[in-house]
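Visitor: Just passing along the structure, written as structure tokens.
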Amino acid sequence: MKHGIRTKLALACVMLLGTAGAAQAATVVTDWNDEALEAIRTTKPGPTVVARALAITNTAMYDAWAAYDAKANGTQLGGELRRPSNERNNANRRKAMSFAAYRVLVDLFPTRQAQFDAEMSLLGYDPADTTGNTATPQGIGNVAAAAVIEFRHTDGSNQLGDLHPGAYSDYTGYQPVNTPTQIVNIARWQPLSVPDGNGGFTIQKFFTPHWANVKPFALTTYNQFPVKTPAPAGSFEFWRQSIEVLGYSATLTDRTKTIAEWWADGPGSELPPGTWVLFAKDISNRDHHNLSQDVKMHFAMTNAMFDASISVWGYKRQFDYARPVSAIHALFNNRPIVAWKGENLGTGVILGQNWRPYQAATVVTPPFAEYMSGHSTFSSAAAEVLKLYTGSDVFNGSATIAAGSSAVEPGRVPAKDLTLRWSTFTAAADEAGISRLYGGIHFRDGNVEGLKLGRKIGAQAYALSSKYFNGTAGN
């Protein structure tokens, strides 16, 4: 299933770059990314796992493609798989890349194998062909994928659950300082008791607090790029940034509500890394990419977001910083505040402990620490790569959200069809960042510092990718 038109969090009628309703040009790169995104929407992994899965998928395709390029090196086998010039045609590339994508996706999303089998059949390939004969394109794809899979099985993500029971489970022994009912330290993360949608509640558990240990792409360590320390508890700045979040809550409009929700990427969506993969597909269509251009752009961008996940989650674990909902409940307990009162209730005076972010009741706030913003860092890293790859910051993207399609306030928000527009990649990243303040999910510093960090990570990932492209990396 291809996704020129998409639905996010029940926000229908979404259009990017004016292409909704029209057939989009596609390469096998965007085909397999569509398959990955569909698996993500179905299985609902968290953002770190999504970023890793997209990077692995595009790395496997890139490594298979590199075998049919005169100078590019793969990430795992360098130039060992390079085929002679008479075999360097798009038919061989597409086949090799499809086998590579198929193998890693089955490894990443085994419950979705039937979906991937169907895509292989549609492309005319036999997924049962497991040959390792690198004189054939299917052999190239299988071998390239096997090398990537072997490397990533021991990358510290705990995909196999061999470091601790449960895929991607924590093996570092993280324990929160606070409980759902008691705040010991107001500046530290508090797991919440969140409605499960079935009349019960679930206690949040910090998602992948071990992610700083995952082997990155271009990063040296999660904290290679230092960030400032967030505002300490009891400081004027901690109070000021909490007041600022309340200010956004009290002045929500149709547009800011829609921005908050469109970018929120709660359960059932492809999350920020997937959103930028969708943007990349539209850039591919806009610029009429050939196969080689597409595989390079997606390889660089998804690995930048993967590195962003490692850095951001490393800092989340390091600072273990409070979310606005916990800070506001504590700072304004039994004190009147002006804010959004809840679904369809508008703005008014409530007690501080009753404040809610503008999110679905089953989301409330993400199950991991605040500092810093994943949305901001993922988005600015991706935007930086797209800007560098295309040679321009110009995006001219848009999304039209249907009236009444909100998941938070269905039937009411937006009051009429509303279009979000981004003239540049940077503008899209900035909106992704500020959306988290509109939604009450992040403080200003978490956004601003995340945007700065993402740009650095994106530039570094693009520089290393370029070295793979010209054969000076991977030797």
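Letters A, B, ... mark the chains of the structure tokens in the order given; residue numbers begin at 1 per chain; ligand numbers begin at 1, in order shown.
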Could you give me the residues within stretch 324-359 of chain A that DSSP places in strand (DSSP E), as a PyMOL selection string?
Guide: chain A and resi 336-340+347-351
Visitor: Need the shell around stretch 191-206 of chain A: protein/DNA/RNA residues with any atom at most 9 Å away, counting only C-alpha atoms. Skip same-chain ones fewer than 3 positions apart. Format as a list in words?
Guide: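 Residues meeting the cut-off are Asp170, Tyr174, Gln175, Pro176, Asn178, Thr179, Pro180, Thr181, Pro209, Ser326, Ala361, Thr362, Val363, Val364, Thr365, Pro366, Pro367, Phe368 and Ala369 of chain A.
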Visitor: Quick one: distance from atom CA of A:Arg52 to atom CA of A:Phe109 in Å, one decimal?
Guide: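 These two atoms are separated by 12.3 Å.
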Visitor: Quick one: pull the distance between atom CA of A:Gly352 and atom CA of A:Ala330, Å, one decimal.
Guide: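 Taking atom CA of A:Gly352 and atom CA of A:Ala330, their separation equals 7.8 Å.
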Visitor: Go through A:Asn58, A:Ser376, A:Ser98, A:Ser269 one by one, measure the shortest atom-to-atom distance of each to A:Ala428 using only C-alpha atoms, and give the residue with the smallest value.
Guide: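 Between A:Asn58, A:Ser376, A:Ser98, A:Ser269, the residue approaching A:Ala428 most closely is A:Ser376.
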Visitor: So which residues touch stretch 69-72 of chain A within 7 Å, counting only C-alpha atoms, skipping near sequence neighbours fewer than 2 positions away, as a list in words?
Guide: Trp65, Ala66, Ala67, Gly74, Arg88, Tyr468, Phe469, Asn470 and Gly471 of chain A
Visitor: Hey, can you spit out that residue selection with all heavy atoms as a PDB file, in the first residue's frame?
Guide:
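What landed in again-v9.pdb:
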```
ATOM      1  N   TRP A  65      22.895  -1.433  -2.960  1.00  0.00           N
ATOM      2  CA  TRP A  65      23.086  -0.523  -4.103  1.00  0.00           C
ATOM      3  C   TRP A  65      24.563  -0.263  -4.365  1.00  0.00           C
ATOM      4  O   TRP A  65      25.003  -0.198  -5.529  1.00  0.00           O
ATOM      5  CB  TRP A  65      22.362   0.800  -3.814  1.00  0.00           C
ATOM      6  CG  TRP A  65      22.704   1.880  -4.794  1.00  0.00           C
ATOM      7  CD1 TRP A  65      22.121   2.125  -5.995  1.00  0.00           C
ATOM      8  CD2 TRP A  65      23.745   2.858  -4.645  1.00  0.00           C
ATOM      9  NE1 TRP A  65      22.721   3.189  -6.612  1.00  0.00           N
ATOM     10  CE2 TRP A  65      23.727   3.663  -5.803  1.00  0.00           C
ATOM     11  CE3 TRP A  65      24.692   3.130  -3.655  1.00  0.00           C
ATOM     12  CZ2 TRP A  65      24.620   4.721  -5.995  1.00  0.00           C
ATOM     13  CZ3 TRP A  65      25.576   4.177  -3.842  1.00  0.00           C
ATOM     14  CH2 TRP A  65      25.536   4.963  -4.998  1.00  0.00           C
ATOM     15  N   ALA A  66      25.339  -0.096  -3.303  1.00  0.00           N
ATOM     16  CA  ALA A  66      26.761   0.245  -3.452  1.00  0.00           C
ATOM     17  C   ALA A  66      27.519  -0.813  -4.240  1.00  0.00           C
ATOM     18  O   ALA A  66      28.538  -0.502  -4.876  1.00  0.00           O
ATOM     19  CB  ALA A  66      27.396   0.436  -2.074  1.00  0.00           C
ATOM     20  N   ALA A  67      27.043  -2.052  -4.212  1.00  0.00           N
ATOM     21  CA  ALA A  67      27.713  -3.116  -4.980  1.00  0.00           C
ATOM     22  C   ALA A  67      27.668  -2.851  -6.477  1.00  0.00           C
ATOM     23  O   ALA A  67      28.486  -3.385  -7.234  1.00  0.00           O
ATOM     24  CB  ALA A  67      27.058  -4.466  -4.677  1.00  0.00           C
ATOM     25  N   GLY A  74      29.975   0.051   0.925  1.00  0.00           N
ATOM     26  CA  GLY A  74      28.948  -0.303   1.883  1.00  0.00           C
ATOM     27  C   GLY A  74      29.431  -0.068   3.297  1.00  0.00           C
ATOM     28  O   GLY A  74      30.633   0.055   3.546  1.00  0.00           O
ATOM     29  N   ARG A  88      26.041  -3.156 -13.770  1.00  0.00           N
ATOM     30  CA  ARG A  88      25.567  -1.983 -13.031  1.00  0.00           C
ATOM     31  C   ARG A  88      24.383  -1.338 -13.742  1.00  0.00           C
ATOM     32  O   ARG A  88      24.488  -0.272 -14.350  1.00  0.00           O
ATOM     33  CB  ARG A  88      26.706  -0.976 -12.844  1.00  0.00           C
ATOM     34  CG  ARG A  88      27.835  -1.506 -11.969  1.00  0.00           C
ATOM     35  CD  ARG A  88      29.023  -0.584 -11.962  1.00  0.00           C
ATOM     36  NE  ARG A  88      30.211  -1.252 -11.413  1.00  0.00           N
ATOM     37  CZ  ARG A  88      31.455  -0.858 -11.596  1.00  0.00           C
ATOM     38  NH1 ARG A  88      31.714   0.230 -12.328  1.00  0.00           N
ATOM     39  NH2 ARG A  88      32.452  -1.539 -11.075  1.00  0.00           N
ATOM     40  N   TYR A 468      31.000   7.634   2.470  1.00  0.00           N
ATOM     41  CA  TYR A 468      30.610   6.318   1.940  1.00  0.00           C
ATOM     42  C   TYR A 468      30.297   6.414   0.453  1.00  0.00           C
ATOM     43  O   TYR A 468      30.683   5.537  -0.331  1.00  0.00           O
ATOM     44  CB  TYR A 468      29.394   5.774   2.693  1.00  0.00           C
ATOM     45  CG  TYR A 468      29.729   5.123   4.015  1.00  0.00           C
ATOM     46  CD1 TYR A 468      29.325   5.682   5.216  1.00  0.00           C
ATOM     47  CD2 TYR A 468      30.443   3.920   4.050  1.00  0.00           C
ATOM     48  CE1 TYR A 468      29.626   5.079   6.432  1.00  0.00           C
ATOM     49  CE2 TYR A 468      30.745   3.312   5.260  1.00  0.00           C
ATOM     50  CZ  TYR A 468      30.342   3.890   6.447  1.00  0.00           C
ATOM     51  OH  TYR A 468      30.648   3.282   7.648  1.00  0.00           O
ATOM     52  N   PHE A 469      29.618   7.492   0.051  1.00  0.00           N
ATOM     53  CA  PHE A 469      29.250   7.639  -1.352  1.00  0.00           C
ATOM     54  C   PHE A 469      30.485   7.707  -2.254  1.00  0.00           C
ATOM     55  O   PHE A 469      30.494   7.126  -3.343  1.00  0.00           O
ATOM     56  CB  PHE A 469      28.423   8.909  -1.573  1.00  0.00           C
ATOM     57  CG  PHE A 469      27.156   8.996  -0.772  1.00  0.00           C
ATOM     58  CD1 PHE A 469      26.563  10.232  -0.516  1.00  0.00           C
ATOM     59  CD2 PHE A 469      26.543   7.858  -0.270  1.00  0.00           C
ATOM     60  CE1 PHE A 469      25.389  10.323   0.227  1.00  0.00           C
ATOM     61  CE2 PHE A 469      25.370   7.935   0.489  1.00  0.00           C
ATOM     62  CZ  PHE A 469      24.807   9.179   0.735  1.00  0.00           C
ATOM     63  N   ASN A 470      31.520   8.428  -1.798  1.00  0.00           N
ATOM     64  CA  ASN A 470      32.701   8.587  -2.657  1.00  0.00           C
ATOM     65  C   ASN A 470      33.793   7.552  -2.382  1.00  0.00           C
ATOM     66  O   ASN A 470      34.886   7.632  -2.950  1.00  0.00           O
ATOM     67  CB  ASN A 470      33.263  10.013  -2.573  1.00  0.00           C
ATOM     68  CG  ASN A 470      33.766  10.387  -1.180  1.00  0.00           C
ATOM     69  OD1 ASN A 470      34.249   9.529  -0.441  1.00  0.00           O
ATOM     70  ND2 ASN A 470      33.664  11.658  -0.821  1.00  0.00           N
ATOM     71  N   GLY A 471      33.490   6.594  -1.524  1.00  0.00           N
ATOM     72  CA  GLY A 471      34.400   5.482  -1.310  1.00  0.00           C
ATOM     73  C   GLY A 471      35.542   5.743  -0.352  1.00  0.00           C
ATOM     74  O   GLY A 471      36.477   4.930  -0.260  1.00  0.00           O
TER      75      GLY A 471
END
```
Visitor: Using atom CA of A:Thr27 and atom CA of A:Met297 as the two end points, give the distance in Å to one decimal.
Guide: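 So the answer is 12.4 Å.
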Visitor: So which one's closest to A:Thr130, A:Pro324, A:Ala146, A:Lys456, A:Phe279? Using only C-alpha atoms, please.
Guide: A:Ala146
Visitor: Point out the residue among A:Ala114, A:Ala407, A:Phe395, A:Leu418 with the least atom-to-atom distance to A:Asp282, counting only C-alpha atoms.
Guide: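 Closest candidate: A:Phe395.
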